[in-house]
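Coordinates as given in final14.txt (compact mmCIF, C-alpha atoms):
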```txt
# COMPACT_ATOMS: atom_id res chain seq x y z
CA MET A 1326 -0.64 18.00 16.59
CA ASN A 1327 -3.12 20.61 15.36
CA ASN A 1328 -2.71 22.56 12.15
CA ARG A 1329 -4.16 25.49 10.21
CA LEU A 1330 -4.02 23.76 6.83
CA ARG A 1331 -7.75 23.96 6.06
CA GLU A 1332 -7.87 27.63 7.00
CA LEU A 1333 -4.85 28.48 4.82
CA ARG A 1334 -6.13 26.43 1.90
CA GLU A 1335 -9.58 28.00 2.01
CA ARG A 1336 -8.01 31.47 2.22
CA GLN A 1337 -6.29 30.73 -1.09
CA GLY A 1338 -9.55 29.43 -2.55
CA TRP A 1339 -8.05 26.02 -3.34
CA SER A 1340 -9.86 22.72 -3.22
CA GLN A 1341 -8.23 19.76 -1.47
CA GLY A 1342 -7.49 18.28 -4.88
CA GLU A 1343 -5.75 21.46 -6.07
CA LEU A 1344 -3.61 21.62 -2.94
CA ALA A 1345 -2.82 17.91 -3.29
CA GLU A 1346 -1.67 18.49 -6.86
CA GLN A 1347 0.66 21.33 -5.83
CA LEU A 1348 2.17 19.27 -3.04
CA GLU A 1349 2.30 16.11 -5.20
CA VAL A 1350 0.36 14.04 -2.68
CA SER A 1351 -3.06 12.38 -2.82
CA ARG A 1352 -6.28 14.20 -1.86
CA GLN A 1353 -6.67 11.59 0.87
CA THR A 1354 -3.41 12.81 2.43
CA ILE A 1355 -4.64 16.43 2.47
CA ASN A 1356 -7.92 15.35 4.06
CA ALA A 1357 -6.11 13.23 6.67
CA LEU A 1358 -3.82 16.18 7.48
CA GLU A 1359 -6.70 18.66 7.79
CA THR A 1360 -8.73 16.38 10.04
CA GLY A 1361 -5.68 15.71 12.25
CA LYS A 1362 -5.68 11.97 11.52
CA TYR A 1363 -2.18 12.09 10.11
CA ASP A 1364 0.91 14.16 10.95
CA PRO A 1365 3.14 14.93 7.97
CA SER A 1366 6.80 14.05 7.65
CA LEU A 1367 9.28 16.88 8.09
CA PRO A 1368 9.93 17.24 4.32
CA LEU A 1369 6.17 17.48 3.60
CA ALA A 1370 5.69 19.97 6.44
CA PHE A 1371 8.48 22.10 4.93
CA ARG A 1372 6.87 21.88 1.47
CA ILE A 1373 3.54 23.04 2.96
CA ALA A 1374 5.24 25.90 4.81
CA HIS A 1375 7.08 26.92 1.64
CA LEU A 1376 3.87 26.84 -0.41
CA PHE A 1377 1.97 29.06 2.04
CA LYS A 1378 5.08 31.22 2.71
CA GLN A 1379 4.74 30.78 6.47
CA PRO A 1380 7.04 29.32 9.13
CA ILE A 1381 6.26 25.71 10.04
CA GLU A 1382 5.35 26.58 13.62
CA LYS A 1383 2.67 28.98 12.38
CA ILE A 1384 0.97 26.15 10.48
CA PHE A 1385 1.55 23.13 12.71
CA LEU A 1386 0.74 23.74 16.35
CA TYR A 1387 2.08 21.47 19.04
CA ALA A 1388 -0.65 20.13 21.31
CA ASP A 1389 0.61 19.10 24.73
CA PRO A 1390 -0.92 15.68 25.46
CA ALA A 1391 -0.79 16.33 29.23
CA MET B 1026 -10.92 3.09 0.29
CA ALA B 1027 -10.82 4.41 -3.23
CA SER B 1028 -14.31 3.88 -4.61
CA SER B 1029 -13.38 3.79 -8.29
CA PHE B 1030 -10.40 3.81 -10.62
CA PHE B 1031 -10.80 7.60 -11.01
CA ASP B 1032 -10.54 8.23 -7.22
CA MET B 1033 -7.22 6.40 -6.96
CA SER B 1034 -3.90 8.15 -6.59
CA PRO B 1035 -1.82 8.48 -9.80
CA ALA B 1036 0.76 6.06 -8.36
CA LEU B 1037 -1.89 3.41 -7.66
CA LYS B 1038 -3.40 3.80 -11.15
CA ARG B 1039 0.05 3.37 -12.67
CA TYR B 1040 0.67 0.31 -10.51
CA TYR B 1041 -2.61 -1.33 -11.58
CA ARG B 1042 -1.85 -0.57 -15.24
CA ARG B 1043 1.74 -1.83 -15.00
CA SER B 1044 0.87 -4.98 -13.05
CA ALA B 1045 -1.79 -6.13 -15.56
CA LEU B 1046 0.80 -7.67 -17.88
CA PRO B 1047 2.81 -9.50 -15.17
CA LEU B 1048 -0.46 -10.72 -13.65
CA ALA B 1049 -1.56 -12.11 -17.02
CA ALA B 1050 1.89 -13.68 -17.43
CA TRP B 1051 1.61 -15.28 -13.99
CA VAL B 1052 -1.86 -16.70 -14.73
CA LEU B 1053 -0.63 -18.09 -18.07
CA LEU B 1054 2.46 -19.61 -16.47
CA VAL B 1055 0.43 -21.21 -13.67
CA ALA B 1056 -2.14 -22.55 -16.13
CA GLY B 1057 0.47 -23.73 -18.62
CA ARG B 1058 2.96 -25.34 -16.26
CA LYS B 1059 1.21 -28.76 -16.07
CA PRO B 1060 1.18 -29.42 -19.86
CA LEU B 1061 4.76 -28.16 -20.03
CA LEU B 1062 5.83 -30.40 -17.14
CA ALA B 1063 4.56 -33.43 -19.05
CA LEU B 1064 7.04 -32.59 -21.83
CA ALA B 1065 10.03 -32.16 -19.54
CA ASP B 1066 12.47 -34.96 -18.86
CA GLY B 1067 15.04 -34.85 -16.10
CA VAL B 1068 14.84 -33.31 -12.65
CA ALA B 1069 16.51 -30.02 -13.65
CA GLY B 1070 14.05 -29.44 -16.51
CA LYS B 1071 11.08 -30.29 -14.31
CA MET B 1072 12.30 -27.94 -11.58
CA ALA B 1073 12.84 -25.10 -14.03
CA LEU B 1074 9.35 -25.49 -15.51
CA ALA B 1075 7.72 -25.97 -12.09
CA LEU B 1076 9.26 -22.73 -10.86
CA LEU B 1077 8.41 -20.77 -14.02
CA PRO B 1078 5.37 -19.01 -12.40
CA LEU B 1079 7.79 -17.41 -9.94
CA LEU B 1080 8.98 -15.16 -12.78
CA GLY B 1081 5.51 -13.63 -13.09
CA MET B 1082 5.26 -13.24 -9.33
CA ALA B 1083 8.70 -11.61 -9.11
CA TRP B 1084 7.65 -9.18 -11.85
CA ILE B 1085 4.51 -8.24 -9.85
CA CYS B 1086 6.67 -7.77 -6.70
CA TRP B 1087 9.04 -5.53 -8.62
CA GLU B 1088 6.10 -3.41 -9.85
CA TYR B 1089 4.82 -3.20 -6.26
CA VAL B 1090 8.19 -1.95 -5.00
CA ARG B 1091 8.17 0.60 -7.84
CA PHE B 1092 4.70 1.70 -6.69
CA LEU B 1093 5.96 2.07 -3.10
CA ARG B 1094 8.72 4.36 -4.33
CA GLU B 1095 6.28 6.51 -6.31
CA CYS B 1096 3.34 6.85 -3.91
CA ASP B 1097 2.97 9.62 -1.35
CA GLU B 1098 3.90 9.21 2.30
CA LEU B 1099 0.43 8.39 3.67
CA GLU B 1100 -0.20 5.82 0.95
CA ARG B 1101 3.24 4.30 1.61
CA ARG B 1102 2.50 4.14 5.33
CA ILE B 1103 -0.81 2.36 4.63
CA GLU B 1104 0.85 -0.13 2.26
CA GLN B 1105 3.73 -0.86 4.63
CA LEU B 1106 1.42 -1.34 7.63
CA ALA B 1107 -0.87 -3.64 5.61
CA MET B 1108 2.13 -5.63 4.44
CA ALA B 1109 3.62 -5.85 7.96
CA TRP B 1110 0.33 -7.04 9.50
CA SER B 1111 -0.31 -9.60 6.77
CA VAL B 1112 3.23 -10.98 6.95
CA GLY B 1113 2.96 -11.15 10.75
CA MET B 1114 -0.32 -13.08 10.54
CA SER B 1115 1.11 -15.46 7.93
CA LEU B 1116 4.16 -16.11 10.13
CA LEU B 1117 1.92 -16.83 13.12
CA ALA B 1118 -0.21 -19.19 11.03
CA ALA B 1119 2.88 -20.91 9.57
CA THR B 1120 4.30 -21.44 13.07
CA ALA B 1121 0.94 -22.76 14.30
CA VAL B 1122 0.77 -25.27 11.40
CA LEU B 1123 4.36 -26.33 12.05
CA LEU B 1124 3.66 -26.94 15.75
CA LEU B 1125 0.41 -28.81 14.98
CA HIS B 1126 2.23 -31.00 12.43
CA ASP B 1127 5.00 -31.67 14.92
CA ALA B 1128 2.41 -32.78 17.46
CA ASP B 1129 0.76 -35.03 14.82
CA ALA B 1130 -2.45 -33.09 15.36
CA VAL B 1131 -2.99 -32.38 11.65
CA ARG B 1132 -2.03 -34.09 8.38
CA TRP B 1133 -2.04 -31.46 5.65
CA SER B 1134 -0.09 -31.62 2.42
CA GLY B 1135 2.53 -29.01 1.56
CA THR B 1136 0.28 -27.75 -1.25
CA GLN B 1137 -2.63 -27.27 1.18
CA VAL B 1138 -0.47 -25.44 3.73
CA CYS B 1139 1.28 -23.17 1.21
CA GLY B 1140 -1.97 -22.43 -0.64
CA GLY B 1141 -3.71 -21.62 2.64
CA LEU B 1142 -0.88 -19.35 3.78
CA LEU B 1143 -0.86 -17.51 0.44
CA LEU B 1144 -4.61 -16.95 0.68
CA LEU B 1145 -4.32 -15.83 4.31
CA GLN B 1146 -1.57 -13.38 3.41
CA CYS B 1147 -3.61 -11.85 0.55
CA PHE B 1148 -6.80 -11.71 2.64
CA ALA B 1149 -5.06 -10.13 5.66
CA TYR B 1150 -3.34 -7.57 3.40
CA ALA B 1151 -6.65 -6.61 1.75
CA VAL B 1152 -8.52 -6.31 5.07
CA VAL B 1153 -5.83 -4.26 6.86
CA ARG B 1154 -5.36 -2.02 3.82
CA TRP B 1155 -9.13 -1.43 3.58
CA TRP B 1156 -9.31 -0.64 7.31
CA LEU B 1157 -6.39 1.84 7.12
CA HIS B 1158 -7.89 3.59 4.07
CA TRP B 1159 -11.16 3.84 5.98
CA ARG B 1160 -9.35 5.25 9.04
CA TYR B 1161 -7.55 7.93 7.01
CA ARG B 1162 -10.46 8.65 4.67
```

Take the structure in this file and express it as structure tokens.
Amino acid sequence: MNNRLRELRERQGWSQGELAEQLEVSRQTINALETGKYDPSLPLAFRIAHLFKQPIEKIFLYADPA
Amino acid sequence: MASSFFDMSPALKRYYRRSALPLAAWVLLVAGRKPLLALADGVAGKMALALLPLLGMAWICWEYVRFLRECDELERRIEQLAMAWSVGMSLLAATAVLLLHDADAVRWSGTQVCGGLLLLQCFAYAVVRWWLHWRYR
């Protein structure tokens, strides 16, 4: 799954640490999400969508493996 | 892997702080059980004193479970995977030792086997955890 997390975070002028603090996760988690190494749980995806005031599907983009 | 105490997540820092006391208690109980055992008379007393270090270990386990509840989802995933791999490896090793003993291929004491399995479990946990932190760095 691809995502626009880095783009949205940078648009807000937040560091990974600042975003991590707002979402109450570690900076490692933000980095893993941005680099596509880790897909968030549904509750975390909703928290991210709520924070950036965007629908989930505008942030997390389904990548067809085929 | 977190390179220093300051890079660690708040939950991990809390866990390390909270587990210092139970760890010290465990070390003291392990170190002090032999002199205490010499004072005990009767099987029940000996058993109670011999198992005393388990209290410290149970306290550490309780703090670890508390840490799992408090950490974020990626950290929890890493911890659970590390624990699952290390338990799996220990089970494999325990079964291998059991089969070798049954075949009279080895003659190890219970202390040697249990000590070895404990070390293997800790080593496997540390290696898998390090590898997962490196993967998600």

| message | Distance cut-off 7 Å, counting all atoms listed in the file - which residues of chain B neighbour chain A? Return them as a VMD selection string. | response | chain B and resid 1034 1097 1099 1161 to 1162

For a cut-off of 10 Å around (0.3, -3.3, 3.6), file coordinates, pick out all residues using only C-alpha atoms and list them as a CSV table (one decimal) with C-alpha atoms, in the coordinates of the input.
```
chain,number,residue,atom,x,y,z
B,1100,GLU,CA,-0.2,5.8,1.0
B,1101,ARG,CA,3.2,4.3,1.6
B,1102,ARG,CA,2.5,4.1,5.3
B,1103,ILE,CA,-0.8,2.4,4.6
B,1104,GLU,CA,0.8,-0.1,2.3
B,1105,GLN,CA,3.7,-0.9,4.6
B,1106,LEU,CA,1.4,-1.3,7.6
B,1107,ALA,CA,-0.9,-3.6,5.6
B,1108,MET,CA,2.1,-5.6,4.4
B,1109,ALA,CA,3.6,-5.8,8.0
B,1110,TRP,CA,0.3,-7.0,9.5
B,1111,SER,CA,-0.3,-9.6,6.8
B,1112,VAL,CA,3.2,-11.0,7.0
B,1147,CYS,CA,-3.6,-11.8,0.6
B,1149,ALA,CA,-5.1,-10.1,5.7
B,1150,TYR,CA,-3.3,-7.6,3.4
B,1151,ALA,CA,-6.6,-6.6,1.8
B,1152,VAL,CA,-8.5,-6.3,5.1
B,1153,VAL,CA,-5.8,-4.3,6.9
B,1154,ARG,CA,-5.4,-2.0,3.8
B,1155,TRP,CA,-9.1,-1.4,3.6
B,1157,LEU,CA,-6.4,1.8,7.1
```

| field | Coordinates-based distance that separates atom CA of Cys1139 of chain B from atom CA of Ala1083 of chain B (Å, one decimal) | value |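 Computed distance, atom CA of Ala1083 of chain B to atom CA of Cys1139 of chain B, equals 17.2 Å.
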
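Summary of the local environment: counting only C-alpha atoms, residues at most 12 Å from Phe1371 of chain A, other than itself and those fewer than 4 positions away along its chain, are A:Leu1348, A:Pro1365, A:Ser1366, A:Leu1367, A:His1375, A:Leu1376, A:Phe1377, A:Lys1378, A:Gln1379, A:Pro1380, A:Ile1381, A:Glu1382, A:Lys1383, A:Ile1384, A:Phe1385.
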
Please save C-alpha atoms of the selected residues as a PDB file, keeping the file's coordinate frame.
```
ATOM      1  CA  LEU A1348       2.170  19.270  -3.040  1.00  0.00           C
ATOM      2  CA  PRO A1365       3.140  14.930   7.970  1.00  0.00           C
ATOM      3  CA  SER A1366       6.800  14.050   7.650  1.00  0.00           C
ATOM      4  CA  LEU A1367       9.280  16.880   8.090  1.00  0.00           C
ATOM      5  CA  HIS A1375       7.080  26.920   1.640  1.00  0.00           C
ATOM      6  CA  LEU A1376       3.870  26.840  -0.410  1.00  0.00           C
ATOM      7  CA  PHE A1377       1.970  29.060   2.040  1.00  0.00           C
ATOM      8  CA  LYS A1378       5.080  31.220   2.710  1.00  0.00           C
ATOM      9  CA  GLN A1379       4.740  30.780   6.470  1.00  0.00           C
ATOM     10  CA  PRO A1380       7.040  29.320   9.130  1.00  0.00           C
ATOM     11  CA  ILE A1381       6.260  25.710  10.040  1.00  0.00           C
ATOM     12  CA  GLU A1382       5.350  26.580  13.620  1.00  0.00           C
ATOM     13  CA  LYS A1383       2.670  28.980  12.380  1.00  0.00           C
ATOM     14  CA  ILE A1384       0.970  26.150  10.480  1.00  0.00           C
ATOM     15  CA  PHE A1385       1.550  23.130  12.710  1.00  0.00           C
TER      16      PHE A1385
END
```

| note | Among A:Glu1346, A:Ala1388, A:Ile1373, A:Pro1368, Leu1333 of chain A is approached most closely, using only C-alpha atoms, by A:Ile1373

| What gap, in Å, lies between atom CA of Gly1057 of chain B and atom CA of Ala1075 of chain B? | 10.0 Å

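With all atoms listed in the file taken into account, the protein and nucleic acid residues at most 9 Å from segment 1133-1138 of chain B (excluding it and anything under 3 positions from it in its own chain) are Ala1119, Val1122, His1126, Gly1141, Leu1142 and Leu1143 of chain B.
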
Put the listed atoms of segment 1078-1088 of chain B in a box along x, y and z with 6 Å added on every side and give me the centre and edge lengths in Å to one decimal, as AutoDock Vina command-line options.
```
--center_x 6.8 --center_y -11.2 --center_z -9.9 --size_x 16.5 --size_y 27.6 --size_z 18.4
```

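The two atoms in question, atom CA of Leu1344 of chain A and atom CA of Cys1096 of chain B, are spaced 16.4 Å apart.
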